[in-house]
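Source file: final36.pdb; contents: PDB, N, CA and C atoms.
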```pdb
ATOM      1  N   MET A   1     -15.577 -19.380   2.432
ATOM      2  CA  MET A   1     -14.428 -19.365   1.541
ATOM      3  C   MET A   1     -14.913 -19.035   0.134
ATOM      4  N   ILE A   2     -14.253 -18.111  -0.514
ATOM      5  CA  ILE A   2     -14.588 -17.698  -1.874
ATOM      6  C   ILE A   2     -14.073 -18.752  -2.843
ATOM      7  N   SER A   3     -14.904 -19.130  -3.791
ATOM      8  CA  SER A   3     -14.497 -20.145  -4.756
ATOM      9  C   SER A   3     -13.496 -19.573  -5.753
ATOM     10  N   ALA A   4     -12.685 -20.450  -6.294
ATOM     11  CA  ALA A   4     -11.702 -20.040  -7.293
ATOM     12  C   ALA A   4     -12.397 -19.462  -8.518
ATOM     13  N   ASP A   5     -13.557 -19.988  -8.877
ATOM     14  CA  ASP A   5     -14.299 -19.476 -10.027
ATOM     15  C   ASP A   5     -14.731 -18.035  -9.825
ATOM     16  N   ALA A   6     -15.154 -17.698  -8.609
ATOM     17  CA  ALA A   6     -15.653 -16.353  -8.336
ATOM     18  C   ALA A   6     -14.550 -15.302  -8.401
ATOM     19  N   ILE A   7     -13.341 -15.687  -8.100
ATOM     20  CA  ILE A   7     -12.261 -14.706  -7.995
ATOM     21  C   ILE A   7     -11.262 -14.792  -9.151
ATOM     22  N   ARG A   8     -11.452 -15.745 -10.023
ATOM     23  CA  ARG A   8     -10.493 -16.028 -11.095
ATOM     24  C   ARG A   8     -10.038 -14.796 -11.863
ATOM     25  N   GLY A   9     -10.950 -13.942 -12.253
ATOM     26  CA  GLY A   9     -10.586 -12.780 -13.061
ATOM     27  C   GLY A   9      -9.875 -11.686 -12.295
ATOM     28  N   TYR A  10      -9.705 -11.860 -10.995
ATOM     29  CA  TYR A  10      -9.119 -10.804 -10.183
ATOM     30  C   TYR A  10      -7.799 -11.177  -9.539
ATOM     31  N   VAL A  11      -7.289 -12.363  -9.839
ATOM     32  CA  VAL A  11      -6.004 -12.788  -9.289
ATOM     33  C   VAL A  11      -4.896 -11.852  -9.774
ATOM     34  N   ASP A  12      -4.911 -11.489 -11.049
ATOM     35  CA  ASP A  12      -3.891 -10.583 -11.577
ATOM     36  C   ASP A  12      -3.933  -9.248 -10.833
ATOM     37  N   LEU A  13      -5.125  -8.758 -10.571
ATOM     38  CA  LEU A  13      -5.287  -7.493  -9.851
ATOM     39  C   LEU A  13      -4.696  -7.597  -8.443
ATOM     40  N   MET A  14      -4.930  -8.706  -7.765
ATOM     41  CA  MET A  14      -4.386  -8.893  -6.423
ATOM     42  C   MET A  14      -2.856  -8.936  -6.455
ATOM     43  N   VAL A  15      -2.303  -9.681  -7.404
ATOM     44  CA  VAL A  15      -0.844  -9.797  -7.513
ATOM     45  C   VAL A  15      -0.228  -8.434  -7.816
ATOM     46  N   LEU A  16      -0.794  -7.724  -8.779
ATOM     47  CA  LEU A  16      -0.259  -6.406  -9.123
ATOM     48  C   LEU A  16      -0.358  -5.441  -7.949
ATOM     49  N   SER A  17      -1.440  -5.530  -7.210
ATOM     50  CA  SER A  17      -1.604  -4.672  -6.041
ATOM     51  C   SER A  17      -0.471  -4.892  -5.042
ATOM     52  N   LEU A  18      -0.137  -6.140  -4.790
ATOM     53  CA  LEU A  18       0.940  -6.454  -3.854
ATOM     54  C   LEU A  18       2.301  -6.025  -4.399
ATOM     55  N   LEU A  19       2.505  -6.212  -5.690
ATOM     56  CA  LEU A  19       3.792  -5.846  -6.279
ATOM     57  C   LEU A  19       3.971  -4.338  -6.381
ATOM     58  N   ARG A  20       2.877  -3.586  -6.311
ATOM     59  CA  ARG A  20       2.999  -2.122  -6.269
ATOM     60  C   ARG A  20       3.714  -1.698  -4.999
ATOM     61  N   GLU A  21       3.529  -2.463  -3.930
ATOM     62  CA  GLU A  21       4.148  -2.130  -2.641
ATOM     63  C   GLU A  21       5.644  -2.441  -2.634
ATOM     64  N   ALA A  22       6.013  -3.590  -3.204
ATOM     65  CA  ALA A  22       7.420  -4.008  -3.199
ATOM     66  C   ALA A  22       7.564  -5.278  -4.030
ATOM     67  N   PRO A  23       8.750  -5.494  -4.609
ATOM     68  CA  PRO A  23       8.990  -6.773  -5.276
ATOM     69  C   PRO A  23       8.808  -7.921  -4.289
ATOM     70  N   SER A  24       8.456  -9.077  -4.825
ATOM     71  CA  SER A  24       8.195 -10.223  -3.958
ATOM     72  C   SER A  24       8.398 -11.514  -4.739
ATOM     73  N   TYR A  25       8.462 -12.612  -4.023
ATOM     74  CA  TYR A  25       8.553 -13.933  -4.638
ATOM     75  C   TYR A  25       7.211 -14.635  -4.450
ATOM     76  N   ALA A  26       6.978 -15.680  -5.219
ATOM     77  CA  ALA A  26       5.650 -16.292  -5.300
ATOM     78  C   ALA A  26       5.122 -16.785  -3.954
ATOM     79  N   TYR A  27       5.929 -17.462  -3.178
ATOM     80  CA  TYR A  27       5.443 -17.987  -1.902
ATOM     81  C   TYR A  27       5.002 -16.851  -0.972
ATOM     82  N   GLU A  28       5.779 -15.790  -0.944
ATOM     83  CA  GLU A  28       5.427 -14.634  -0.118
ATOM     84  C   GLU A  28       4.125 -13.997  -0.617
ATOM     85  N   LEU A  29       3.956 -13.910  -1.925
ATOM     86  CA  LEU A  29       2.702 -13.387  -2.480
ATOM     87  C   LEU A  29       1.514 -14.226  -2.022
ATOM     88  N   ALA A  30       1.663 -15.545  -2.084
ATOM     89  CA  ALA A  30       0.577 -16.442  -1.666
ATOM     90  C   ALA A  30       0.239 -16.233  -0.192
ATOM     91  N   GLN A  31       1.247 -16.101   0.640
ATOM     92  CA  GLN A  31       1.017 -15.878   2.068
ATOM     93  C   GLN A  31       0.302 -14.559   2.308
ATOM     94  N   ARG A  32       0.705 -13.528   1.602
ATOM     95  CA  ARG A  32       0.097 -12.211   1.785
ATOM     96  C   ARG A  32      -1.347 -12.202   1.284
ATOM     97  N   ILE A  33      -1.621 -12.901   0.191
ATOM     98  CA  ILE A  33      -2.995 -12.985  -0.310
ATOM     99  C   ILE A  33      -3.885 -13.646   0.735
ATOM    100  N   THR A  34      -3.414 -14.733   1.318
ATOM    101  CA  THR A  34      -4.189 -15.429   2.349
ATOM    102  C   THR A  34      -4.379 -14.542   3.577
ATOM    103  N   LEU A  35      -3.326 -13.852   3.992
ATOM    104  CA  LEU A  35      -3.407 -12.973   5.155
ATOM    105  C   LEU A  35      -4.390 -11.830   4.923
ATOM    106  N   ILE A  36      -4.258 -11.150   3.803
ATOM    107  CA  ILE A  36      -5.117 -10.002   3.514
ATOM    108  C   ILE A  36      -6.570 -10.421   3.319
ATOM    109  N   SER A  37      -6.786 -11.590   2.739
ATOM    110  CA  SER A  37      -8.157 -12.050   2.504
ATOM    111  C   SER A  37      -8.818 -12.526   3.793
ATOM    112  N   GLY A  38      -8.068 -12.572   4.867
ATOM    113  CA  GLY A  38      -8.629 -13.021   6.130
ATOM    114  C   GLY A  38      -9.034 -14.482   6.081
ATOM    115  N   ASP A  39      -8.308 -15.269   5.350
ATOM    116  CA  ASP A  39      -8.581 -16.693   5.159
ATOM    117  C   ASP A  39      -9.883 -16.961   4.397
ATOM    118  N   ASP A  40     -10.464 -15.921   3.772
ATOM    119  CA  ASP A  40     -11.644 -16.126   2.928
ATOM    120  C   ASP A  40     -11.252 -16.681   1.562
ATOM    121  N   TYR A  41      -9.971 -16.544   1.228
ATOM    122  CA  TYR A  41      -9.473 -17.053  -0.054
ATOM    123  C   TYR A  41      -8.034 -17.477   0.125
ATOM    124  N   ALA A  42      -7.733 -18.690  -0.275
ATOM    125  CA  ALA A  42      -6.362 -19.197  -0.274
ATOM    126  C   ALA A  42      -6.017 -19.557  -1.707
ATOM    127  N   ILE A  43      -5.039 -18.891  -2.257
ATOM    128  CA  ILE A  43      -4.668 -19.116  -3.652
ATOM    129  C   ILE A  43      -3.831 -20.384  -3.771
ATOM    130  N   LYS A  44      -4.101 -21.160  -4.791
ATOM    131  CA  LYS A  44      -3.291 -22.347  -5.068
ATOM    132  C   LYS A  44      -1.986 -21.895  -5.713
ATOM    133  N   GLN A  45      -0.922 -22.613  -5.406
ATOM    134  CA  GLN A  45       0.381 -22.271  -5.974
ATOM    135  C   GLN A  45       0.356 -22.285  -7.506
ATOM    136  N   THR A  46      -0.329 -23.257  -8.086
ATOM    137  CA  THR A  46      -0.383 -23.323  -9.554
ATOM    138  C   THR A  46      -1.096 -22.103 -10.134
ATOM    139  N   THR A  47      -2.139 -21.640  -9.453
ATOM    140  CA  THR A  47      -2.855 -20.449  -9.907
ATOM    141  C   THR A  47      -1.949 -19.229  -9.826
ATOM    142  N   LEU A  48      -1.213 -19.105  -8.739
ATOM    143  CA  LEU A  48      -0.322 -17.968  -8.556
ATOM    144  C   LEU A  48       0.812 -17.982  -9.581
ATOM    145  N   TYR A  49       1.442 -19.134  -9.765
ATOM    146  CA  TYR A  49       2.535 -19.210 -10.736
ATOM    147  C   TYR A  49       2.038 -18.922 -12.147
ATOM    148  N   SER A  50       0.858 -19.403 -12.482
ATOM    149  CA  SER A  50       0.275 -19.099 -13.792
ATOM    150  C   SER A  50       0.059 -17.599 -13.946
ATOM    151  N   ALA A  51      -0.417 -16.956 -12.879
ATOM    152  CA  ALA A  51      -0.670 -15.516 -12.928
ATOM    153  C   ALA A  51       0.615 -14.726 -13.118
ATOM    154  N   VAL A  52       1.655 -15.018 -12.347
ATOM    155  CA  VAL A  52       2.882 -14.229 -12.486
ATOM    156  C   VAL A  52       3.550 -14.482 -13.832
ATOM    157  N   LYS A  53       3.463 -15.696 -14.335
ATOM    158  CA  LYS A  53       4.030 -15.981 -15.663
ATOM    159  C   LYS A  53       3.234 -15.274 -16.760
ATOM    160  N   ARG A  54       1.908 -15.236 -16.619
ATOM    161  CA  ARG A  54       1.056 -14.525 -17.583
ATOM    162  C   ARG A  54       1.359 -13.021 -17.548
ATOM    163  N   LEU A  55       1.479 -12.468 -16.351
ATOM    164  CA  LEU A  55       1.790 -11.049 -16.200
ATOM    165  C   LEU A  55       3.180 -10.726 -16.751
ATOM    166  N   GLU A  56       4.108 -11.626 -16.522
ATOM    167  CA  GLU A  56       5.460 -11.430 -17.051
ATOM    168  C   GLU A  56       5.456 -11.509 -18.576
ATOM    169  N   GLY A  57       4.738 -12.485 -19.116
ATOM    170  CA  GLY A  57       4.657 -12.636 -20.569
ATOM    171  C   GLY A  57       4.015 -11.441 -21.247
ATOM    172  N   SER A  58       3.165 -10.738 -20.512
ATOM    173  CA  SER A  58       2.495  -9.551 -21.048
ATOM    174  C   SER A  58       3.305  -8.277 -20.826
ATOM    175  N   GLY A  59       4.447  -8.395 -20.183
ATOM    176  CA  GLY A  59       5.290  -7.234 -19.928
ATOM    177  C   GLY A  59       4.817  -6.365 -18.775
ATOM    178  N   LEU A  60       3.908  -6.890 -17.954
ATOM    179  CA  LEU A  60       3.371  -6.113 -16.832
ATOM    180  C   LEU A  60       4.223  -6.252 -15.579
ATOM    181  N   VAL A  61       4.912  -7.382 -15.457
ATOM    182  CA  VAL A  61       5.872  -7.587 -14.378
ATOM    183  C   VAL A  61       7.147  -8.166 -14.985
ATOM    184  N   SER A  62       8.223  -8.045 -14.251
ATOM    185  CA  SER A  62       9.480  -8.675 -14.664
ATOM    186  C   SER A  62       9.996  -9.487 -13.491
ATOM    187  N   SER A  63      10.857 -10.430 -13.792
ATOM    188  CA  SER A  63      11.426 -11.268 -12.742
ATOM    189  C   SER A  63      12.929 -11.031 -12.656
ATOM    190  N   PHE A  64      13.459 -11.299 -11.487
ATOM    191  CA  PHE A  64      14.898 -11.198 -11.288
ATOM    192  C   PHE A  64      15.316 -12.178 -10.202
ATOM    193  N   ALA A  65      16.550 -12.605 -10.274
ATOM    194  CA  ALA A  65      17.074 -13.562  -9.299
ATOM    195  C   ALA A  65      17.449 -12.831  -8.024
ATOM    196  N   GLY A  66      17.138 -13.470  -6.902
ATOM    197  CA  GLY A  66      17.480 -12.919  -5.603
ATOM    198  C   GLY A  66      17.843 -14.049  -4.660
ATOM    199  N   ILE A  67      18.288 -13.677  -3.497
ATOM    200  CA  ILE A  67      18.688 -14.652  -2.475
ATOM    201  C   ILE A  67      17.827 -14.415  -1.238
ATOM    202  N   SER A  68      17.286 -15.489  -0.684
ATOM    203  CA  SER A  68      16.477 -15.381   0.534
ATOM    204  C   SER A  68      17.383 -15.147   1.736
ATOM    205  N   ALA A  69      16.777 -14.839   2.864
ATOM    206  CA  ALA A  69      17.542 -14.631   4.101
ATOM    207  C   ALA A  69      18.318 -15.886   4.490
ATOM    208  N   SER A  70      17.784 -17.050   4.098
ATOM    209  CA  SER A  70      18.462 -18.310   4.417
ATOM    210  C   SER A  70      19.538 -18.671   3.397
ATOM    211  N   GLY A  71      19.685 -17.831   2.379
ATOM    212  CA  GLY A  71      20.712 -18.075   1.372
ATOM    213  C   GLY A  71      20.236 -18.841   0.154
ATOM    214  N   LYS A  72      18.962 -19.231   0.141
ATOM    215  CA  LYS A  72      18.431 -19.962  -1.006
ATOM    216  C   LYS A  72      18.095 -18.995  -2.141
ATOM    217  N   PRO A  73      18.364 -19.400  -3.386
ATOM    218  CA  PRO A  73      18.000 -18.531  -4.506
ATOM    219  C   PRO A  73      16.474 -18.491  -4.690
ATOM    220  N   ARG A  74      15.984 -17.334  -5.058
ATOM    221  CA  ARG A  74      14.547 -17.150  -5.292
ATOM    222  C   ARG A  74      14.353 -16.292  -6.526
ATOM    223  N   THR A  75      13.212 -16.486  -7.168
ATOM    224  CA  THR A  75      12.818 -15.611  -8.265
ATOM    225  C   THR A  75      11.855 -14.580  -7.711
ATOM    226  N   TYR A  76      12.234 -13.318  -7.836
ATOM    227  CA  TYR A  76      11.400 -12.211  -7.379
ATOM    228  C   TYR A  76      10.712 -11.584  -8.585
ATOM    229  N   TYR A  77       9.577 -10.960  -8.323
ATOM    230  CA  TYR A  77       8.818 -10.273  -9.357
ATOM    231  C   TYR A  77       8.625  -8.828  -8.952
ATOM    232  N   ARG A  78       8.687  -7.939  -9.945
ATOM    233  CA  ARG A  78       8.429  -6.514  -9.710
ATOM    234  C   ARG A  78       7.487  -6.006 -10.788
ATOM    235  N   ILE A  79       6.686  -5.019 -10.433
ATOM    236  CA  ILE A  79       5.734  -4.453 -11.380
ATOM    237  C   ILE A  79       6.456  -3.448 -12.277
ATOM    238  N   GLU A  80       6.078  -3.433 -13.541
ATOM    239  CA  GLU A  80       6.634  -2.496 -14.513
ATOM    240  C   GLU A  80       5.653  -1.331 -14.708
ATOM    241  N   ASP A  81       6.081  -0.296 -15.403
ATOM    242  CA  ASP A  81       5.204   0.853 -15.657
ATOM    243  C   ASP A  81       3.914   0.423 -16.359
ATOM    244  N   ALA A  82       4.041  -0.495 -17.310
ATOM    245  CA  ALA A  82       2.844  -0.996 -18.005
ATOM    246  C   ALA A  82       1.921  -1.706 -17.028
ATOM    247  N   GLY A  83       2.495  -2.367 -16.026
ATOM    248  CA  GLY A  83       1.704  -3.045 -15.008
ATOM    249  C   GLY A  83       0.956  -2.064 -14.124
ATOM    250  N   LEU A  84       1.580  -0.932 -13.832
ATOM    251  CA  LEU A  84       0.912   0.105 -13.040
ATOM    252  C   LEU A  84      -0.287   0.671 -13.793
ATOM    253  N   ALA A  85      -0.110   0.920 -15.090
ATOM    254  CA  ALA A  85      -1.215   1.433 -15.910
ATOM    255  C   ALA A  85      -2.328   0.394 -16.018
ATOM    256  N   TYR A  86      -1.951  -0.855 -16.218
ATOM    257  CA  TYR A  86      -2.934  -1.936 -16.303
ATOM    258  C   TYR A  86      -3.692  -2.078 -14.985
ATOM    259  N   PHE A  87      -2.977  -1.967 -13.875
ATOM    260  CA  PHE A  87      -3.607  -2.044 -12.556
ATOM    261  C   PHE A  87      -4.676  -0.958 -12.421
ATOM    262  N   ASP A  88      -4.319   0.270 -12.768
ATOM    263  CA  ASP A  88      -5.282   1.372 -12.668
ATOM    264  C   ASP A  88      -6.519   1.097 -13.526
ATOM    265  N   HIS A  89      -6.306   0.588 -14.725
ATOM    266  CA  HIS A  89      -7.417   0.252 -15.623
ATOM    267  C   HIS A  89      -8.305  -0.833 -14.999
ATOM    268  N   LYS A  90      -7.688  -1.871 -14.456
ATOM    269  CA  LYS A  90      -8.452  -2.975 -13.873
ATOM    270  C   LYS A  90      -9.202  -2.553 -12.609
ATOM    271  N   VAL A  91      -8.649  -1.614 -11.855
ATOM    272  CA  VAL A  91      -9.347  -1.104 -10.674
ATOM    273  C   VAL A  91     -10.623  -0.379 -11.106
ATOM    274  N   GLU A  92     -10.525   0.448 -12.135
ATOM    275  CA  GLU A  92     -11.718   1.140 -12.645
ATOM    276  C   GLU A  92     -12.738   0.141 -13.185
ATOM    277  N   GLU A  93     -12.260  -0.867 -13.874
ATOM    278  CA  GLU A  93     -13.151  -1.907 -14.383
ATOM    279  C   GLU A  93     -13.855  -2.626 -13.228
ATOM    280  N   TRP A  94     -13.110  -2.929 -12.157
ATOM    281  CA  TRP A  94     -13.688  -3.590 -10.985
ATOM    282  C   TRP A  94     -14.768  -2.719 -10.358
ATOM    283  N   ARG A  95     -14.480  -1.443 -10.202
ATOM    284  CA  ARG A  95     -15.462  -0.540  -9.594
ATOM    285  C   ARG A  95     -16.745  -0.477 -10.423
ATOM    286  N   SER A  96     -16.598  -0.424 -11.733
ATOM    287  CA  SER A  96     -17.775  -0.403 -12.613
ATOM    288  C   SER A  96     -18.540  -1.709 -12.523
ATOM    289  N   THR A  97     -17.822  -2.824 -12.543
ATOM    290  CA  THR A  97     -18.451  -4.144 -12.441
ATOM    291  C   THR A  97     -19.198  -4.279 -11.127
ATOM    292  N   LYS A  98     -18.549  -3.902 -10.044
ATOM    293  CA  LYS A  98     -19.170  -3.989  -8.721
ATOM    294  C   LYS A  98     -20.418  -3.114  -8.659
ATOM    295  N   SER A  99     -20.364  -1.946  -9.226
ATOM    296  CA  SER A  99     -21.516  -1.043  -9.225
ATOM    297  C   SER A  99     -22.716  -1.662  -9.935
ATOM    298  N   VAL A 100     -22.464  -2.278 -11.075
ATOM    299  CA  VAL A 100     -23.554  -2.904 -11.827
ATOM    300  C   VAL A 100     -24.130  -4.087 -11.049
ATOM    301  N   VAL A 101     -23.286  -4.946 -10.538
ATOM    302  CA  VAL A 101     -23.757  -6.118  -9.804
ATOM    303  C   VAL A 101     -24.489  -5.684  -8.533
ATOM    304  N   ASP A 102     -23.969  -4.674  -7.851
ATOM    305  CA  ASP A 102     -24.630  -4.172  -6.638
ATOM    306  C   ASP A 102     -26.059  -3.710  -6.923
ATOM    307  N   ARG A 103     -26.275  -3.119  -8.085
ATOM    308  CA  ARG A 103     -27.633  -2.673  -8.431
ATOM    309  C   ARG A 103     -28.611  -3.837  -8.463
ATOM    310  N   PHE A 104     -28.157  -4.965  -8.927
ATOM    311  CA  PHE A 104     -29.029  -6.142  -8.967
ATOM    312  C   PHE A 104     -29.225  -6.734  -7.584
ATOM    313  N   ILE A 105     -28.159  -6.804  -6.825
ATOM    314  CA  ILE A 105     -28.233  -7.382  -5.494
ATOM    315  C   ILE A 105     -29.078  -6.510  -4.561
ATOM    316  N   GLU A 106     -28.863  -5.223  -4.633
ATOM    317  CA  GLU A 106     -29.548  -4.298  -3.735
ATOM    318  C   GLU A 106     -30.864  -3.778  -4.301
ATOM    319  N   GLY A 107     -31.116  -4.065  -5.569
ATOM    320  CA  GLY A 107     -32.362  -3.607  -6.178
ATOM    321  C   GLY A 107     -32.415  -2.102  -6.343
ATOM    322  N   VAL A 108     -31.264  -1.488  -6.551
ATOM    323  CA  VAL A 108     -31.194  -0.031  -6.685
ATOM    324  C   VAL A 108     -31.150   0.338  -8.161
ATOM    325  N   ALA A 109     -32.088   1.161  -8.584
ATOM    326  CA  ALA A 109     -32.099   1.635  -9.958
ATOM    327  C   ALA A 109     -31.112   2.780 -10.099
ATOM    328  N   PRO A 110     -30.492   2.915 -11.264
ATOM    329  CA  PRO A 110     -29.499   4.014 -11.458
ATOM    330  C   PRO A 110     -30.182   5.379 -11.396
TER     331      PRO A 110
END
```
Target encoding structure tokens, full file:
Amino acid sequence: MISADAIRGYVDLMVLSLLREAPSYAYELAQRITLISGDDYAIKQTTLYSAVKRLEGSGLVSSFAGISASGKPRTYYRIEDAGLAYFDHKVEEWRSTKSVVDRFIEGVAP
């Protein structure tokens, strides 16, 4: 299981990645993160809610009221254009970070 400390800086990237596919509500996002991670990472609800609120406060996602299939009201989140640009930037940053760390792990000189 991946520790929360190891993945902390990438929760926003995971959320934005999922919201690129379709708007979603927090519980569904948490389930999808666990499913996609293959149970290697389970996000805490507080971490997820903090992330979507931070992303919303930054104008990267917006929220809207919706109704679940059972008729219960839910808050859905969707990615904004600024969120798409931020996602692309963070993906490039991740690739660069991974490349540098891989050099140390694998002992490969540039």
Item to check | Nearby residues (all atoms listed in the file) at most 5 Å from Leu60 (chain A), same-chain spacing under 6 positions excluded, as a PyMOL selection string | outcome: chain A and resi 79-80+82-83
Next on the checklist: Restricting the calculation to all atoms listed in the file: of A:Ser24, A:Ser17, A:Ser37, A:Ser3, which residue gets closest to Arg74 (chain A)?
Outcome noted: A:Ser24
Checklist entry - Out of A:Thr97, A:Gln45, A:Ser50, A:Thr75, which residue has the shortest atom-to-atom distance to Ser63 (chain A) when counting only N, CA and C atoms? => result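 Ranked by minimum distance to Ser63 (chain A), first place goes to A:Thr75.
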Checklist entry - Which one of A:Val52, A:Val100, A:Leu13, A:Ile36 sits closest to Tyr77 (chain A) if you count only N, CA and C atoms? => result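 Once distances to Tyr77 (chain A) are computed over only N, CA and C atoms, the minimum belongs to A:Val52.
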Checklist entry - Mind pulling up the distance from atom C of Glu93 (chain A) to atom N of Gln31 (chain A)? => result 24.5 Å
Next on the checklist: Measuring between all atoms listed in the file, which one of A:Leu19, A:Ser96, A:His89, A:Ala30 shows the shortest distance to Leu48 (chain A)?
Outcome noted: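 The closest residue to Leu48 (chain A) is A:Ala30.
The residues of chain A that DSSP assigns to strand (DSSP E) on this backbone come out as Ser24, Tyr25, Val61, Ser62, Ser63, Phe64, Ala65, Gly66, Ile67, Pro73, Arg74, Thr75, Tyr76, Tyr77, Arg78 and Ile79 of chain A.
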Item to check | Those of region 13-48 of chain A in DSSP helix (DSSP H, G or I), formatted as JSON, numbers by chain | outcome: {"A": [13, 14, 15, 16, 17, 18, 19, 20, 21, 26, 27, 28, 29, 30, 31, 32, 33, 34, 35, 36, 45, 46, 47, 48]}
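With distances restricted to only N, CA and C atoms, A:Met14 is the closest residue to Ile33 (chain A) from A:Ile2, A:Val61, A:Met14, A:Ala51.
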Checklist entry - CA of Pro23 (chain A) to CA of Asp88 (chain A): how many Å, to one decimal? => result 18.0 Å
Output requested as an mmCIF file, in the coordinates of the input - region 22-29 of chain A, filled out with all heavy atoms.
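Result file is part_4.cif:
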```
data_model
loop_
_atom_site.group_PDB
_atom_site.id
_atom_site.type_symbol
_atom_site.label_atom_id
_atom_site.label_comp_id
_atom_site.auth_asym_id
_atom_site.auth_seq_id
_atom_site.Cartn_x
_atom_site.Cartn_y
_atom_site.Cartn_z
ATOM 1 N N ALA A 22 6.013 -3.590 -3.204
ATOM 2 C CA ALA A 22 7.420 -4.008 -3.199
ATOM 3 C C ALA A 22 7.564 -5.278 -4.030
ATOM 4 O O ALA A 22 6.618 -6.063 -4.132
ATOM 5 C CB ALA A 22 7.894 -4.278 -1.776
ATOM 6 N N PRO A 23 8.750 -5.494 -4.609
ATOM 7 C CA PRO A 23 8.990 -6.773 -5.276
ATOM 8 C C PRO A 23 8.808 -7.921 -4.289
ATOM 9 O O PRO A 23 8.986 -7.754 -3.083
ATOM 10 C CB PRO A 23 10.447 -6.666 -5.732
ATOM 11 C CG PRO A 23 10.718 -5.205 -5.814
ATOM 12 C CD PRO A 23 9.898 -4.596 -4.705
ATOM 13 N N SER A 24 8.456 -9.077 -4.825
ATOM 14 C CA SER A 24 8.195 -10.223 -3.958
ATOM 15 C C SER A 24 8.398 -11.514 -4.739
ATOM 16 O O SER A 24 8.452 -11.507 -5.962
ATOM 17 C CB SER A 24 6.766 -10.137 -3.426
ATOM 18 O OG SER A 24 6.537 -11.103 -2.442
ATOM 19 N N TYR A 25 8.462 -12.612 -4.023
ATOM 20 C CA TYR A 25 8.553 -13.933 -4.638
ATOM 21 C C TYR A 25 7.211 -14.635 -4.450
ATOM 22 O O TYR A 25 6.378 -14.225 -3.626
ATOM 23 C CB TYR A 25 9.723 -14.740 -4.080
ATOM 24 C CG TYR A 25 9.747 -14.871 -2.580
ATOM 25 C CD1 TYR A 25 9.205 -15.990 -1.955
ATOM 26 C CD2 TYR A 25 10.322 -13.876 -1.786
ATOM 27 C CE1 TYR A 25 9.233 -16.119 -0.575
ATOM 28 C CE2 TYR A 25 10.346 -13.996 -0.405
ATOM 29 C CZ TYR A 25 9.797 -15.117 0.194
ATOM 30 O OH TYR A 25 9.822 -15.230 1.555
ATOM 31 N N ALA A 26 6.978 -15.680 -5.219
ATOM 32 C CA ALA A 26 5.650 -16.292 -5.300
ATOM 33 C C ALA A 26 5.122 -16.785 -3.954
ATOM 34 O O ALA A 26 3.956 -16.538 -3.617
ATOM 35 C CB ALA A 26 5.651 -17.428 -6.326
ATOM 36 N N TYR A 27 5.929 -17.462 -3.178
ATOM 37 C CA TYR A 27 5.443 -17.987 -1.902
ATOM 38 C C TYR A 27 5.002 -16.851 -0.972
ATOM 39 O O TYR A 27 3.976 -16.936 -0.302
ATOM 40 C CB TYR A 27 6.511 -18.852 -1.231
ATOM 41 C CG TYR A 27 6.058 -19.449 0.077
ATOM 42 C CD1 TYR A 27 5.125 -20.488 0.106
ATOM 43 C CD2 TYR A 27 6.530 -18.963 1.288
ATOM 44 C CE1 TYR A 27 4.694 -21.028 1.309
ATOM 45 C CE2 TYR A 27 6.106 -19.498 2.492
ATOM 46 C CZ TYR A 27 5.182 -20.530 2.495
ATOM 47 O OH TYR A 27 4.750 -21.058 3.688
ATOM 48 N N GLU A 28 5.779 -15.790 -0.944
ATOM 49 C CA GLU A 28 5.427 -14.634 -0.118
ATOM 50 C C GLU A 28 4.125 -13.997 -0.617
ATOM 51 O O GLU A 28 3.268 -13.603 0.188
ATOM 52 C CB GLU A 28 6.550 -13.603 -0.131
ATOM 53 C CG GLU A 28 6.271 -12.386 0.741
ATOM 54 C CD GLU A 28 7.409 -11.390 0.713
ATOM 55 O OE1 GLU A 28 7.840 -10.998 -0.392
ATOM 56 O OE2 GLU A 28 7.856 -11.007 1.802
ATOM 57 N N LEU A 29 3.956 -13.910 -1.925
ATOM 58 C CA LEU A 29 2.702 -13.387 -2.480
ATOM 59 C C LEU A 29 1.514 -14.226 -2.022
ATOM 60 O O LEU A 29 0.482 -13.687 -1.618
ATOM 61 C CB LEU A 29 2.766 -13.349 -4.006
ATOM 62 C CG LEU A 29 3.690 -12.298 -4.624
ATOM 63 C CD1 LEU A 29 3.857 -12.557 -6.115
ATOM 64 C CD2 LEU A 29 3.169 -10.894 -4.365
#
```
